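Colleague: If it helps, the file is called query.cif and holds mmCIF, C-alpha atoms and all ligand atoms:
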data_coords
#
loop_
_atom_site.label_atom_id
_atom_site.label_comp_id
_atom_site.auth_asym_id
_atom_site.auth_seq_id
_atom_site.Cartn_x
_atom_site.Cartn_y
_atom_site.Cartn_z
CA MET A 723 143.77 177.89 -15.99
CA ALA A 724 143.57 181.17 -17.84
CA VAL A 725 142.08 184.64 -17.74
CA ASP A 726 139.75 185.28 -20.70
CA ALA A 727 139.71 189.05 -21.03
CA ASP A 728 136.64 188.87 -23.27
CA PRO A 729 134.24 186.17 -22.07
CA SER A 730 131.72 186.96 -24.82
CA ASP A 731 133.40 184.21 -26.85
CA PRO A 732 134.84 180.85 -25.72
CA ASP A 733 138.41 181.44 -26.92
CA ILE A 734 140.92 182.74 -24.40
CA ASP A 735 141.66 186.43 -25.07
CA SER A 736 144.87 187.56 -23.42
CA GLY A 737 144.30 191.27 -23.98
CA VAL A 738 141.50 193.79 -24.47
CA LEU A 739 141.03 197.56 -24.61
CA ARG A 740 138.63 199.01 -22.05
CA GLN A 741 137.46 202.51 -21.08
CA VAL A 742 138.32 203.96 -17.68
CA GLY A 743 135.32 203.82 -15.36
CA GLU A 744 133.28 201.46 -17.53
CA PRO A 745 132.62 198.06 -15.89
CA PHE A 746 133.57 195.01 -17.95
CA GLN A 747 133.53 191.27 -17.47
CA VAL A 748 136.34 188.76 -17.61
CA SER A 749 136.24 185.04 -16.94
CA PHE A 750 138.59 182.66 -15.21
CA ASP A 751 138.68 179.43 -17.18
CA ILE A 752 139.89 175.91 -16.56
CA THR A 753 142.04 174.91 -19.52
CA ASN A 754 144.46 172.19 -20.62
CA VAL A 755 143.24 169.59 -18.13
CA SER A 756 145.33 166.40 -18.21
CA THR A 757 144.33 164.97 -14.84
CA ARG A 758 140.86 164.65 -13.33
CA TRP A 759 140.16 167.47 -10.89
CA ALA A 760 137.75 167.90 -7.98
CA VAL A 761 138.54 171.42 -6.76
CA TYR A 762 139.83 174.62 -8.22
CA ARG A 763 141.00 177.66 -6.34
CA LEU A 764 141.78 181.14 -7.58
CA ALA A 765 144.10 183.84 -6.29
CA VAL A 766 143.98 186.84 -8.61
CA ASP A 767 145.97 190.07 -8.46
CA HIS A 768 144.18 193.02 -10.03
CA ALA A 769 146.41 196.07 -9.59
CA GLY A 770 145.05 199.08 -11.46
CA LEU A 771 141.55 197.63 -11.64
CA THR A 772 138.62 197.92 -9.24
CA PHE A 773 136.78 194.69 -8.47
CA ILE A 774 132.99 195.07 -8.65
CA PRO A 775 131.08 192.38 -6.74
CA THR A 776 128.07 191.10 -8.67
CA PHE A 777 126.83 188.14 -6.67
CA ASP A 778 125.54 187.91 -3.09
CA LEU A 779 127.12 184.62 -2.09
CA ASP A 780 126.16 184.72 1.61
CA LEU A 781 122.61 186.04 1.07
CA ASP A 782 122.87 189.21 3.17
CA ASP A 783 121.65 191.48 0.33
CA ASP A 784 125.17 192.87 -0.14
CA PRO A 785 127.06 191.47 -3.14
CA GLU A 786 130.62 190.55 -2.31
CA SER A 787 131.45 187.86 -4.84
CA TRP A 788 132.13 187.11 -8.44
CA GLU A 789 129.80 184.62 -10.11
CA TYR A 790 130.45 180.90 -10.38
CA THR A 791 129.24 179.17 -13.53
CA GLY A 792 128.95 175.72 -11.97
CA LEU A 793 131.63 174.26 -14.21
CA GLY A 794 132.33 170.66 -13.21
CA VAL A 795 129.08 170.57 -11.20
CA THR A 796 130.96 172.29 -8.42
CA ALA A 797 128.91 173.03 -5.35
CA LEU A 798 130.98 174.87 -2.78
CA ASP A 799 131.96 178.40 -3.65
CA VAL A 800 133.98 180.94 -1.76
CA VAL A 801 135.22 184.41 -2.56
CA VAL A 802 137.48 186.26 -0.23
CA SER A 803 138.47 189.82 -0.92
CA VAL A 804 141.19 191.21 1.24
CA PRO A 805 140.86 194.89 2.19
CA GLN A 806 143.94 197.02 1.51
CA SER A 807 145.00 194.46 -1.06
CA ASN A 808 144.65 193.97 -4.80
CA ARG A 809 144.35 190.21 -4.42
CA LEU A 810 141.12 188.21 -4.57
CA TYR A 811 140.72 184.65 -3.37
CA GLY A 812 138.05 182.14 -4.29
CA GLY A 813 137.37 178.64 -5.42
CA SER A 814 134.89 175.86 -5.75
CA ALA A 815 134.80 172.17 -4.96
CA ARG A 816 132.79 169.15 -5.97
CA THR A 817 131.14 167.40 -3.06
CA SER A 818 132.18 164.08 -4.59
CA GLY A 819 133.96 162.67 -7.61
CA THR A 820 136.30 164.19 -10.15
CA THR A 821 135.93 165.60 -13.67
CA MET A 822 137.83 166.49 -16.83
CA ASP A 823 135.54 169.47 -17.52
CA THR A 824 137.06 172.63 -18.98
CA GLY A 825 135.63 176.05 -19.72
CA LYS A 826 134.54 179.16 -17.88
CA ALA A 827 134.54 178.67 -14.10
CA VAL A 828 134.08 182.23 -12.82
CA ILE A 829 132.72 185.47 -14.30
CA ALA A 830 134.10 188.59 -12.63
CA THR A 831 133.48 192.30 -13.18
CA PHE A 832 136.17 194.97 -12.95
CA GLN A 833 136.71 198.52 -14.11
CA CYS A 834 139.82 200.50 -14.99
CA GLU A 835 141.00 203.07 -12.47
CA GLU A 836 143.21 205.10 -14.80
CA PRO A 837 144.72 204.96 -18.31
CA GLY A 838 147.48 202.45 -18.87
CA ALA A 839 148.03 198.70 -18.91
CA SER A 840 146.75 196.57 -16.05
CA THR A 841 147.34 192.86 -15.62
CA LEU A 842 144.93 190.31 -14.23
CA HIS A 843 147.48 187.95 -12.74
CA LEU A 844 146.88 184.41 -11.52
CA VAL A 845 149.03 183.97 -8.41
CA ARG A 846 151.72 181.28 -8.74
CA SER A 847 152.89 178.85 -6.07
CA SER A 848 156.19 180.72 -5.87
CA GLU A 849 154.32 183.88 -4.90
CA ASP A 850 152.02 182.41 -2.24
CA PRO A 851 152.68 178.76 -1.37
CA ASP A 852 149.67 178.76 0.95
CA PHE A 853 147.05 179.82 -1.60
CA TYR A 854 147.84 179.96 -5.28
CA THR A 855 145.75 179.39 -8.40
CA THR A 856 145.47 175.70 -9.26
CA THR A 857 143.25 172.72 -9.79
CA LEU A 858 143.35 170.02 -7.11
CA ASP A 859 142.54 166.32 -7.12
CA GLY A 860 139.97 164.46 -5.02
CA GLY A 861 142.37 164.45 -2.08
CA ALA A 862 142.82 168.24 -2.29
CA VAL A 863 146.36 167.79 -3.62
CA PRO A 864 147.33 170.49 -6.14
CA LEU A 865 147.67 169.30 -9.74
CA ILE A 866 150.20 170.70 -12.17
CA THR A 867 148.21 173.53 -13.72
CA SER A 868 149.35 175.91 -16.46
CA LEU A 869 148.42 179.53 -15.76
CA ALA A 870 147.86 182.35 -18.26
CA ASP A 871 147.29 186.00 -17.33
CA ALA A 872 145.56 188.74 -19.35
CA THR A 873 146.35 192.38 -19.91
CA ILE A 874 143.67 195.07 -19.82
CA THR A 875 144.68 198.22 -21.69
CA CYS A 876 142.78 201.07 -20.07
CA SER A 877 141.95 204.15 -22.14
CA ALA A 878 140.54 207.50 -21.07
CA ASP A 879 138.93 207.90 -24.48
CA THR A 880 135.35 206.95 -25.17
CA LEU A 881 135.46 203.62 -26.91
CA THR A 882 132.94 202.67 -29.53
CA PRO A 883 131.24 199.38 -28.78
CA THR A 884 132.60 196.36 -30.61
CA PRO A 885 130.32 196.00 -33.64
CA THR A 886 128.35 192.81 -33.86
CA PRO A 887 129.87 190.67 -36.60
CA PRO A 888 127.62 190.54 -39.65
CA ALA A 889 125.90 187.28 -40.40
CA ALA A 890 128.17 185.00 -42.37
CA VAL A 891 127.34 184.86 -46.04
CA GLY A 892 128.39 181.48 -47.30
CA GLY A 893 130.71 181.39 -44.31
CA ILE A 894 131.53 178.93 -41.59
CA ALA A 895 128.65 176.72 -40.58
CA GLU A 896 129.81 176.44 -36.96
CA LEU A 897 129.42 180.11 -36.15
CA PRO A 898 125.71 180.08 -35.16
CA LEU A 899 126.32 177.05 -32.95
CA LEU A 900 129.17 178.77 -31.15
CA ALA A 901 127.05 181.86 -30.64
CA ALA A 902 124.21 179.81 -29.18
CA SER A 903 126.55 177.97 -26.85
CA SER A 904 128.05 181.21 -25.62
CA ALA A 905 124.63 182.71 -24.99
CA GLU A 906 123.64 179.72 -22.90
CA GLU A 907 126.78 180.04 -20.83
CA ALA A 908 126.17 183.74 -20.31
CA ALA A 909 122.58 183.15 -19.26
CA ALA A 910 123.33 180.36 -16.81
CA PRO A 911 124.48 182.42 -13.79
CA ALA A 912 121.36 184.59 -13.94
CA ASP A 913 119.05 181.60 -13.75
CA GLY A 914 117.77 181.53 -10.19
CA SER A 915 116.80 177.89 -10.48
CA GLY A 916 120.42 176.86 -11.07
CA TRP A 917 122.65 174.67 -8.96
CA TRP A 918 124.23 177.58 -7.10
CA THR A 919 121.04 178.77 -5.43
CA GLY A 920 120.99 175.62 -3.32
CA SER A 921 124.71 175.89 -2.80
CA SER A 922 124.42 179.40 -1.43
CA ALA A 923 121.60 178.39 0.86
CA ALA A 924 123.80 175.62 2.18
CA LEU A 925 126.63 178.05 2.77
CA ALA A 926 124.29 180.33 4.70
CA GLY A 927 123.59 177.52 7.12
CA GLY A 928 126.56 177.16 9.39
CA LEU A 929 126.25 173.46 10.04
CA ALA A 930 125.75 172.58 6.40
CA ALA A 931 128.66 174.79 5.43
CA ALA A 932 130.88 173.18 8.05
CA VAL A 933 130.05 169.74 6.70
CA LEU A 934 130.89 170.89 3.17
CA VAL A 935 134.11 172.46 4.36
CA ALA A 936 135.16 169.20 5.96
CA ALA A 937 134.24 167.30 2.82
CA ALA A 938 136.18 169.62 0.57
CA GLY A 939 139.40 169.52 2.52
CA THR A 940 141.27 172.26 4.22
CA TRP A 941 142.74 174.15 1.29
CA TYR A 942 141.06 177.40 2.17
CA ALA A 943 140.26 176.86 5.83
CA ARG A 944 143.18 178.96 6.94
CA ARG A 945 141.73 181.95 5.13
CA ARG A 946 139.06 183.92 6.88
CA TRP A 947 136.02 184.37 4.69
CA LEU A 948 135.25 188.01 3.95
CA ARG A 949 137.70 189.44 6.43
CA CA A 1001 137.09 185.02 -25.05
CA CA A 1002 126.70 189.25 0.81
#
Turn the structure described in the file into structure tokens.
Modeller:
Amino acid sequence: MAVDADPSDPDIDSGVLRQVGEPFQVSFDITNVSTRWAVYRLAVDHAGLTFIPTFDLDLDDDPESWEYTGLGVTALDVVVSVPQSNRLYGGSARTSGTTMDTGKAVIATFQCEEPGASTLHLVRSSEDPDFYTTTLDGGAVPLITSLADATITCSADTLTPTPTPPAAVGGIAELPLLAASSAEEAAAPADGSGWWTGSSAALAGGLAAAVLVAAAGTWYARRRWLR
């Protein structure tokens, strides 16, 4: 799994320059899959950055979550932000079956608090054996998962927007296809008819959520949701 500091393109960017106080998106991606997975969970340290919730996961008209893309046809999403902490917890699970899918799993919005370098750090098992960033198999057993962080360089200066690359002239034929694919990915979370609308409704219903929790295992049950 990896932090893509610039989710506007599919490649993993390990560093970007951002302006203090200006919200920006990053994505958390599933990468280098060698074993079929059923669940992923995320623990992310974001010292020096402010997390900006963009998605109302529990339907109380108060956004508290990052956005799940539905990668792997996952259907159970959780975000847990811990007050007085710079660590965010979340994850998603398939209700059945496993997948080899890779790509963007979560889109999150942050902003720089002050000039300097800030790291978005995926928590390792050595740092929190109870809840670290990993993929898990159908039995909720953690799989060996490579983790890659990203560095956000925060500047107080006004940054000029990244210019849109000019259209290729006699260039690489794949470029328009990549752009189209990226646009579809970006549009997916905003589509109210998507898979996650039903998922959120299920989470809002206590009984349905409890059934899903039981089905997904106990990997996050020890964490209180939205404490
Ligand atoms: Ca990228
Ligand atoms: Ca909410």
Colleague: Each residue of chain A lying at most 9 Å from ligand CA 1001 (chain A) should get a row with its shortest atom-to-atom pair and the distance in Å to one decimal, counting all atoms listed in the file; could you produce that, ordered by chain and increasing number, as a tab-separated table?
Modeller:
residue	atom	partner	partner_atom	distance
A:Val725	CA	A:CA1001	CA	8.9
A:Asp726	CA	A:CA1001	CA	5.1
A:Ala727	CA	A:CA1001	CA	6.3
A:Asp728	CA	A:CA1001	CA	4.3
A:Pro729	CA	A:CA1001	CA	4.3
A:Ser730	CA	A:CA1001	CA	5.7
A:Asp731	CA	A:CA1001	CA	4.2
A:Pro732	CA	A:CA1001	CA	4.8
A:Asp733	CA	A:CA1001	CA	4.2
A:Ile734	CA	A:CA1001	CA	4.5
A:Asp735	CA	A:CA1001	CA	4.8
A:Ser736	CA	A:CA1001	CA	8.3
A:Val748	CA	A:CA1001	CA	8.4
A:Ser749	CA	A:CA1001	CA	8.2
Colleague: Taking all atoms listed in the file and a cut-off of 7 Å, can you tell me which residues surround ligand CA 1002 (chain A), written as a ChimeraX atom specification?
Modeller: /A:778-786
Colleague: Could you name the residues that touch segment 845-854 of chain A at 7 Å or less, counting all atoms listed in the file, but leaving out those on the same chain fewer than 5 positions away, as a list of chain:residue names?
Modeller: A:Leu764, A:Ala765, A:Val766, A:Asp767
Colleague: Show me, as a count of residues only, the residues that have an atom within 9 Å of segment 829-842 of chain A when counting all atoms listed in the file, minus same-chain residues fewer than 5 positions from it.
Modeller: 41
Colleague: Figure out the distance between atom CA of Thr856 of chain A and atom CA of His843 of chain A, please, to one decimal in Å.
Modeller: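 Answer for the atom CA of His843 of chain A to atom CA of Thr856 of chain A separation: 12.9 Å.
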Colleague: What is the atom CA of Leu858 of chain A-atom CA of Trp759 of chain A distance in Å, reported with one decimal?
Modeller: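 Answer for the atom CA of Leu858 of chain A to atom CA of Trp759 of chain A separation: 5.6 Å.
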Colleague: Between atom CA of Thr796 of chain A and atom CA of Arg816 of chain A, what distance in Å does the model show, to one decimal?
Modeller: 4.4 Å
